[in-house]
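Colleague: Structure supplied as query.tsv; contents: TSV, C-alpha atoms.
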```tsv
chain	number	residue	atom	x	y	z
S	1	MET	CA	111.20	163.34	65.16
S	2	ALA	CA	108.19	162.84	67.39
S	3	ARG	CA	105.02	161.22	66.00
S	4	SER	CA	102.50	162.54	68.47
S	5	VAL	CA	102.60	163.90	71.97
S	6	LEU	CA	99.90	164.13	74.59
S	7	ILE	CA	99.51	167.61	76.06
S	8	THR	CA	98.49	167.70	79.68
S	9	THR	CA	99.71	171.13	80.75
S	10	PRO	CA	97.06	173.60	81.91
S	11	ARG	CA	95.91	176.42	79.68
S	12	LEU	CA	97.47	179.86	79.87
S	13	THR	CA	95.14	182.28	81.59
S	14	TRP	CA	94.64	185.76	80.18
S	15	ASP	CA	96.79	187.24	82.97
S	16	GLU	CA	99.59	184.78	82.17
S	17	THR	CA	99.28	185.69	78.49
S	18	VAL	CA	99.60	189.38	79.30
S	19	GLU	CA	102.69	188.65	81.38
S	20	ARG	CA	104.21	186.28	78.79
S	21	LEU	CA	103.78	188.81	75.97
S	22	GLY	CA	104.52	191.88	78.05
S	23	LEU	CA	101.34	193.55	76.79
S	24	SER	CA	100.96	197.18	77.76
S	25	LYS	CA	97.68	198.51	79.20
S	26	ALA	CA	96.94	200.17	75.86
S	27	GLU	CA	97.47	196.90	73.99
S	28	GLN	CA	95.22	195.02	76.42
S	29	LYS	CA	92.55	197.65	75.94
S	30	PHE	CA	92.94	197.44	72.15
S	31	VAL	CA	92.44	193.66	72.13
S	32	THR	CA	89.42	193.91	74.42
S	33	ARG	CA	87.87	196.64	72.25
S	34	LEU	CA	88.57	194.61	69.11
S	35	PHE	CA	86.54	191.76	70.53
S	36	GLU	CA	83.71	193.94	71.73
S	37	GLU	CA	83.39	195.45	68.26
S	38	SER	CA	83.69	192.18	66.41
S	39	LYS	CA	80.91	190.42	68.31
S	40	PRO	CA	78.23	189.32	65.84
S	41	ARG	CA	75.10	191.39	66.19
S	42	ARG	CA	71.61	190.04	65.78
S	43	SER	CA	70.28	190.98	62.42
S	44	ALA	CA	66.94	190.28	60.81
S	45	SER	CA	66.92	188.18	57.69
S	46	TYR	CA	64.12	190.29	56.29
S	47	ALA	CA	63.23	193.94	55.95
S	48	PHE	CA	59.91	195.72	56.26
S	49	LYS	CA	58.50	197.53	53.26
S	50	THR	CA	55.18	198.98	52.20
S	51	ARG	CA	52.93	197.46	49.58
S	52	PRO	CA	52.44	199.59	46.47
S	53	GLY	CA	49.49	201.89	46.97
S	54	SER	CA	49.24	201.12	50.66
S	55	SER	CA	50.87	202.33	53.83
S	56	ARG	CA	50.65	198.91	55.44
S	57	LEU	CA	54.02	197.42	56.43
S	58	VAL	CA	54.77	193.88	55.36
S	59	LYS	CA	57.86	191.72	55.62
S	60	SER	CA	59.79	191.70	52.39
S	61	GLY	CA	59.49	188.49	50.43
S	62	THR	CA	56.10	187.63	51.87
S	63	ARG	CA	53.79	189.75	49.72
S	64	ASN	CA	53.27	187.07	47.14
S	65	GLY	CA	54.44	184.16	49.22
S	66	SER	CA	57.76	182.58	48.41
S	67	GLY	CA	59.32	179.45	46.98
S	68	ILE	CA	57.04	176.58	46.02
S	69	ALA	CA	53.86	178.31	47.23
S	70	ARG	CA	54.43	181.22	44.83
S	71	LYS	CA	55.33	178.96	41.91
S	72	THR	CA	52.24	176.83	42.44
S	73	ARG	CA	49.99	179.90	42.63
S	74	ASN	CA	51.54	181.44	39.52
S	75	ARG	CA	51.12	178.20	37.62
S	76	ALA	CA	47.50	177.96	38.73
S	77	SER	CA	46.73	181.54	37.74
S	78	LYS	CA	48.30	181.04	34.30
S	79	ALA	CA	46.28	177.88	33.73
S	80	ALA	CA	43.11	179.75	34.62
G	1	MET	CA	130.33	180.69	75.78
G	2	ARG	CA	126.75	180.57	77.04
G	3	ALA	CA	126.68	180.85	80.79
G	4	LYS	CA	123.32	179.51	81.89
G	5	LEU	CA	120.59	177.59	80.11
G	6	PRO	CA	117.18	179.28	80.03
G	7	GLU	CA	114.21	177.72	81.82
G	8	VAL	CA	112.05	175.30	79.85
G	9	SER	CA	108.35	175.95	79.57
G	10	GLU	CA	106.39	172.71	79.16
G	11	LYS	CA	103.88	174.18	76.74
G	12	SER	CA	106.16	176.34	74.63
G	13	VAL	CA	106.56	175.56	70.94
G	14	PHE	CA	109.33	177.03	68.81
G	15	LEU	CA	107.84	177.91	65.43
G	16	ASN	CA	110.37	177.73	62.59
G	17	ILE	CA	108.52	179.10	59.57
G	18	PRO	CA	109.27	181.35	56.60
G	19	TYR	CA	108.46	185.01	57.01
G	20	ASP	CA	107.03	185.96	53.66
G	21	ASP	CA	103.71	187.33	52.53
G	22	ARG	CA	102.77	184.17	50.65
G	23	PHE	CA	102.94	182.36	53.96
G	24	ARG	CA	100.73	184.74	55.96
G	25	ARG	CA	97.63	182.49	56.00
G	26	LEU	CA	99.63	179.52	57.26
G	27	TYR	CA	101.46	181.77	59.75
G	28	LEU	CA	98.10	182.80	61.25
G	29	ALA	CA	96.99	179.16	61.11
G	30	TYR	CA	100.01	177.97	63.10
G	31	ILE	CA	99.56	180.62	65.79
G	32	SER	CA	95.78	180.14	66.05
G	33	GLY	CA	96.03	176.35	66.02
G	34	LEU	CA	98.73	176.13	68.65
G	35	ILE	CA	96.94	178.57	70.93
G	36	HIS	CA	93.71	176.65	70.46
G	37	LEU	CA	95.59	173.58	71.67
G	38	ASP	CA	96.57	175.66	74.74
G	39	LEU	CA	100.21	175.71	73.68
G	40	ASP	CA	102.50	178.73	73.70
G	41	PRO	CA	104.03	179.54	70.28
G	42	HIS	CA	107.38	181.32	70.08
G	43	ALA	CA	109.11	182.63	66.97
G	44	THR	CA	112.40	184.31	66.14
G	45	ILE	CA	110.53	187.53	65.27
G	46	GLU	CA	110.21	188.02	69.03
G	47	ILE	CA	113.99	188.27	69.27
G	48	PRO	CA	115.24	191.84	69.04
G	49	GLY	CA	118.00	192.52	66.50
G	50	GLY	CA	121.58	193.19	67.43
G	51	LYS	CA	124.51	191.13	68.54
G	52	ASN	CA	124.46	187.45	69.46
G	53	ARG	CA	121.33	186.70	67.46
G	54	LEU	CA	122.43	183.11	67.01
G	55	ASP	CA	122.82	182.66	70.77
G	56	LYS	CA	119.36	184.10	71.32
G	57	ILE	CA	117.85	181.76	68.70
G	58	LEU	CA	119.56	178.80	70.34
G	59	ASP	CA	118.36	179.90	73.78
G	60	LEU	CA	114.82	180.17	72.43
G	61	ILE	CA	114.96	176.65	70.93
G	62	VAL	CA	116.42	175.18	74.12
G	63	SER	CA	113.80	176.92	76.25
G	64	CYS	CA	110.97	175.36	74.24
G	65	ARG	CA	109.68	171.87	74.93
G	66	TYR	CA	108.62	171.34	71.30
G	67	SER	CA	109.52	172.73	67.91
G	68	ILE	CA	107.80	172.79	64.54
G	69	HIS	CA	109.89	173.23	61.40
G	70	ASP	CA	108.00	174.06	58.25
G	71	LEU	CA	110.22	173.22	55.30
G	72	SER	CA	107.63	174.02	52.65
G	73	ARG	CA	109.49	177.12	51.45
G	74	VAL	CA	112.99	175.75	51.14
G	75	GLU	CA	113.46	177.10	47.67
G	76	LEU	CA	115.38	179.73	45.76
G	77	ASP	CA	114.62	183.24	46.92
G	78	ARG	CA	114.71	185.34	43.75
G	79	ASN	CA	114.43	188.73	45.46
G	80	PRO	CA	117.36	191.02	44.61
G	81	PRO	CA	120.26	191.43	45.13
G	82	PHE	CA	120.99	187.66	45.06
G	83	THR	CA	119.21	184.52	44.06
G	84	ALA	CA	119.92	182.11	46.90
G	85	PRO	CA	118.27	179.17	48.64
G	86	ARG	CA	116.73	179.85	52.04
G	87	PHE	CA	118.77	178.06	54.65
G	88	ASN	CA	117.27	179.49	57.84
G	89	MET	CA	114.59	176.84	58.32
G	90	PRO	CA	116.82	173.77	57.81
G	91	PHE	CA	119.55	175.45	59.87
G	92	GLU	CA	117.21	176.00	62.83
G	93	LEU	CA	115.91	172.43	62.42
G	94	GLY	CA	119.55	171.31	62.72
G	95	LEU	CA	119.92	173.33	65.91
G	96	ALA	CA	116.78	171.71	67.37
G	97	VAL	CA	117.91	168.18	66.42
G	98	ALA	CA	121.34	168.84	67.91
G	99	SER	CA	119.85	170.22	71.12
G	100	THR	CA	117.71	167.05	71.37
G	101	LYS	CA	120.61	164.69	70.75
G	102	LEU	CA	123.30	166.51	72.70
G	103	GLY	CA	121.38	168.38	75.35
G	104	SER	CA	120.09	167.01	78.61
G	105	ARG	CA	116.58	168.37	78.22
G	106	PRO	CA	113.63	166.69	76.54
G	107	HIS	CA	112.70	168.30	73.24
G	108	ASP	CA	110.32	166.92	70.61
G	109	TRP	CA	110.56	168.27	67.09
G	110	PHE	CA	108.21	167.98	64.14
G	111	VAL	CA	108.80	168.62	60.45
G	112	PHE	CA	105.94	170.02	58.38
G	113	GLU	CA	105.96	170.01	54.59
G	114	THR	CA	103.62	170.78	51.71
G	115	VAL	CA	104.56	168.03	49.30
G	116	HIS	CA	104.87	164.28	49.90
G	117	ARG	CA	108.38	162.82	49.60
G	118	ARG	CA	110.02	166.17	48.66
G	119	ILE	CA	111.95	166.13	51.90
G	120	SER	CA	113.73	162.95	50.84
G	121	LYS	CA	115.32	165.06	48.09
G	122	SER	CA	115.75	168.40	49.87
G	123	LEU	CA	116.96	166.95	53.18
G	124	SER	CA	117.83	163.28	52.69
G	125	ASP	CA	119.48	163.11	56.11
G	126	LEU	CA	115.94	162.93	57.48
G	127	SER	CA	115.18	159.74	55.55
G	128	GLY	CA	113.18	157.38	57.71
G	129	THR	CA	111.21	160.14	59.39
G	130	ASP	CA	107.70	161.00	58.26
G	131	PRO	CA	107.02	164.70	57.95
G	132	ASN	CA	103.55	166.08	58.54
G	133	ILE	CA	102.14	167.03	55.12
G	134	HIS	CA	99.72	169.97	55.21
G	135	HIS	CA	99.40	170.53	51.44
G	136	GLY	CA	99.81	174.28	51.94
G	137	THR	CA	96.30	174.73	53.34
G	138	VAL	CA	95.03	176.17	56.61
G	139	GLU	CA	92.91	173.05	57.20
G	140	GLY	CA	95.98	170.91	56.52
G	141	VAL	CA	98.02	172.80	59.13
G	142	MET	CA	95.21	172.40	61.71
G	143	ARG	CA	94.86	168.69	60.93
G	144	GLU	CA	98.59	168.07	61.27
G	145	LEU	CA	98.77	170.08	64.50
G	146	CYS	CA	95.99	167.86	65.86
G	147	ASN	CA	97.94	164.80	64.71
G	148	SER	CA	101.08	166.04	66.42
G	149	PHE	CA	99.63	167.39	69.66
G	150	GLU	CA	96.87	165.44	71.25
G	151	ARG	CA	94.93	167.32	73.85
G	152	LYS	CA	91.86	165.96	75.49
G	153	SER	CA	89.28	168.70	75.92
G	154	PRO	CA	86.27	168.21	78.26
G	155	GLY	CA	84.11	167.28	75.27
G	156	GLY	CA	86.67	164.93	73.70
G	157	ARG	CA	89.49	165.74	71.31
G	158	VAL	CA	89.98	169.26	70.02
G	159	SER	CA	88.50	169.37	66.53
G	160	VAL	CA	89.83	170.98	63.36
G	161	ALA	CA	86.47	172.73	62.91
G	162	GLU	CA	86.84	174.49	66.29
G	163	MET	CA	90.40	175.47	65.47
G	164	LEU	CA	89.27	176.91	62.14
G	165	LYS	CA	86.79	179.16	63.94
G	166	THR	CA	89.64	180.58	66.01
G	167	TYR	CA	91.69	181.03	62.83
G	168	ARG	CA	88.84	182.88	61.08
G	169	ALA	CA	88.46	185.29	64.01
G	170	VAL	CA	92.19	186.03	63.98
G	171	SER	CA	92.31	186.35	60.21
G	172	ARG	CA	89.37	188.78	60.24
G	173	LEU	CA	91.04	191.00	62.87
G	174	ALA	CA	94.56	190.90	61.38
G	175	PRO	CA	94.07	193.99	59.15
G	176	GLU	CA	92.90	195.96	62.21
G	177	ILE	CA	96.06	194.89	64.06
G	178	LEU	CA	98.22	196.03	61.14
G	179	ARG	CA	96.45	199.41	61.15
G	180	LYS	CA	96.91	199.81	64.90
G	181	THR	CA	100.60	198.91	64.92
G	182	ARG	CA	101.33	200.65	61.58
G	183	ALA	CA	103.42	197.61	60.74
G	184	ARG	CA	104.35	196.80	57.17
G	185	SER	CA	103.81	193.08	57.57
G	186	LEU	CA	102.47	190.50	59.98
G	187	PHE	CA	106.00	189.32	60.68
G	188	GLU	CA	106.91	191.93	63.27
G	189	ALA	CA	107.24	191.48	67.01
G	190	SER	CA	104.49	193.96	67.93
G	191	VAL	CA	102.06	192.32	65.49
G	192	PHE	CA	102.97	188.84	66.69
G	193	ARG	CA	102.11	189.85	70.26
G	194	LEU	CA	98.71	191.19	69.30
G	195	ILE	CA	97.90	188.26	67.00
G	196	TYR	CA	98.81	185.93	69.84
G	197	SER	CA	96.55	187.74	72.31
G	198	VAL	CA	93.67	187.96	69.82
G	199	ALA	CA	93.99	184.22	69.14
G	200	GLN	CA	93.94	183.57	72.87
G	201	ARG	CA	90.73	185.57	73.25
G	202	ALA	CA	89.15	183.88	70.23
G	203	ALA	CA	90.06	180.40	71.49
G	204	ASP	CA	88.68	181.25	74.95
G	205	ALA	CA	85.43	182.44	73.37
G	206	GLN	CA	85.20	179.17	71.39
G	207	LYS	CA	85.74	177.05	74.46
G	208	ARG	CA	83.13	178.91	76.49
G	209	LEU	CA	80.44	178.04	73.90
```
Starting from the file, lay out its structure as structure tokens.
Modeller:
Amino acid sequence: MARSVLITTPRLTWDETVERLGLSKAEQKFVTRLFEESKPRRSASYAFKTRPGSSRLVKSGTRNGSGIARKTRNRASKAA
Amino acid sequence: MRAKLPEVSEKSVFLNIPYDDRFRRLYLAYISGLIHLDLDPHATIEIPGGKNRLDKILDLIVSCRYSIHDLSRVELDRNPPFTAPRFNMPFELGLAVASTKLGSRPHDWFVFETVHRRISKSLSDLSGTDPNIHHGTVEGVMRELCNSFERKSPGGRVSVAEMLKTYRAVSRLAPEILRKTRARSLFEASVFRLIYSVAQRAADAQKRL
């Protein structure tokens, strides 16, 4: 049994892969389409929404601030 | 009598693994990992049925420069009609060892297992050889493939993290491949071909980054 071997052979190109597997045109097209469709799309991590009683658009999660800023403000308003 | 030996491909790897649904994650891991290492996996599912299957299996082993034998499922198969141990994997390992010892061509073989020291009980003839233990995990398979096949990439050694990205892409697209081929399992020739080509594309995309 071998322990470890060093690979130095060149990579298979896509054309060699197609030949090695005997992929039909339809199969090649399917794989290409699969990759086009599975590409990650840019998506925003926030959504826009309107404030209650206003038509102004704001980013969600920013109306009252977020995280520590909101907690600090809430604590301050309660103390007052 | 076999007339002529098939040509050897220097990057081809004969994959001797169990074909059962519990093994599907590791099956995808082996294919993705080997392709990420720019190797060329072959399996007996590529061989069409019919006569002389044994000759075709032997030809496939002899035509491959390397072989991987996963003995992690050498256990009793309780599916009806018989309860019997699964001999295919150790049998094909025996063929590979014999072709190494008796043949004139170079062939390196590796044994992969899930559990430490189990092989000394299940196949004591291999005492003195250290199998690659993957613990039945995808990461384990990638790690042991990296330990077995060292390939220098332009940025250094190929990493397990990069190989896992290729695996995840293949794993995510596998259901789509099953739908397209209308296959009942991943262990069919048409599915193998598409999984292979998807892994190739995914590995290429990784390496371009």
Colleague: Report the distance between atom CA of G:Lys101 and atom CA of G:Gly128 in Å, rounded to one decimal place.
Modeller: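 Those two atoms sit 16.7 Å apart.
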Colleague: Mind giving me the straight-line distance from atom CA of G:Lys180 to atom CA of G:Leu28 in Å, one decimal?
Modeller: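 For atom CA of G:Lys180 relative to atom CA of G:Leu28, the distance reads 17.4 Å.
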Colleague: Mind pulling up the distance from atom CA of G:Val138 to atom CA of S:Thr9?
Modeller: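 It comes out at 25.1 Å.
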Colleague: Rank nothing, just name the residue among S:Asp15, S:Lys29, S:Arg75, S:Leu34 nearest to chain G, using all atoms listed in the file.
Modeller: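 For chain G, the nearest of the given residues is S:Leu34.
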Colleague: Hey, which bits of chain S sit within 9 Å of chain G, and for each residue what's the closest pair of atoms and how far apart in Å (one decimal), counting all atoms listed in the file, rows by chain and increasing number, as a tab-separated table?
Modeller:
```
residue	atom	partner	partner_atom	distance
S:Met1	CA	G:Trp109	CA	5.3
S:Ala2	CA	G:Asp108	CA	5.6
S:Arg3	CA	G:Ser148	CA	6.2
S:Ser4	CA	G:Ser148	CA	4.3
S:Val5	CA	G:Phe149	CA	5.1
S:Leu6	CA	G:Glu150	CA	4.7
S:Ile7	CA	G:Arg151	CA	5.1
S:Thr8	CA	G:Arg151	CA	6.8
S:Thr9	CA	G:Lys11	CA	6.5
S:Pro10	CA	G:Asp38	CA	7.5
S:Arg11	CA	G:Asp38	CA	5.0
S:Leu12	CA	G:Asp38	CA	6.7
S:Thr13	CA	G:Gln200	CA	8.9
S:Trp14	CA	G:Gln200	CA	7.7
S:Thr17	CA	G:Ser197	CA	7.1
S:Val18	CA	G:Ser197	CA	7.8
S:Leu21	CA	G:Arg193	CA	6.0
S:Gly22	CA	G:Arg193	CA	8.4
S:Leu23	CA	G:Arg193	CA	7.5
S:Glu27	CA	G:Leu194	CA	7.5
S:Gln28	CA	G:Ser197	CA	8.5
S:Phe30	CA	G:Lys180	CA	8.6
S:Val31	CA	G:Val198	CA	6.3
S:Thr32	CA	G:Arg201	CA	8.5
S:Leu34	CA	G:Leu173	CA	7.6
S:Phe35	CA	G:Arg201	CA	8.0
S:Ser38	CA	G:Leu173	CA	8.2
```
Colleague: Would you kindly return, as a list of chain:residue names, each protein, DNA or RNA residue with an atom no farther than 9 Å from any atom of G:Met163, considering only C-alpha atoms and excluding same-chain residues fewer than 4 positions away?
Modeller: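 The filter keeps G:Ala29, G:Ser32, G:Gly33, G:Leu34, G:His36, G:Leu37, G:Glu139, G:Met142, G:Val158, G:Ser159, G:Tyr167, G:Arg168, G:Ala203, G:Gln206.
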Colleague: Keeping only C-alpha atoms, take the residues you just selected and write them out as a PDB file, in the coordinates of the input.
Modeller:
```pdb
ATOM      1  CA  ALA G  29      96.990 179.160  61.110  1.00  0.00           C
ATOM      2  CA  SER G  32      95.780 180.140  66.050  1.00  0.00           C
ATOM      3  CA  GLY G  33      96.030 176.350  66.020  1.00  0.00           C
ATOM      4  CA  LEU G  34      98.730 176.130  68.650  1.00  0.00           C
ATOM      5  CA  HIS G  36      93.710 176.650  70.460  1.00  0.00           C
ATOM      6  CA  LEU G  37      95.590 173.580  71.670  1.00  0.00           C
ATOM      7  CA  GLU G 139      92.910 173.050  57.200  1.00  0.00           C
ATOM      8  CA  MET G 142      95.210 172.400  61.710  1.00  0.00           C
ATOM      9  CA  VAL G 158      89.980 169.260  70.020  1.00  0.00           C
ATOM     10  CA  SER G 159      88.500 169.370  66.530  1.00  0.00           C
ATOM     11  CA  TYR G 167      91.690 181.030  62.830  1.00  0.00           C
ATOM     12  CA  ARG G 168      88.840 182.880  61.080  1.00  0.00           C
ATOM     13  CA  ALA G 203      90.060 180.400  71.490  1.00  0.00           C
ATOM     14  CA  GLN G 206      85.200 179.170  71.390  1.00  0.00           C
TER      15      GLN G 206
END
```
Colleague: Within 12 Å of (121.5, 174.2, 63.4), all atoms listed in the file: residues as an NGL selection string?
Modeller: :G and (16 or 54-55 or 57-58 or 61-62 or 69 or 87-100)
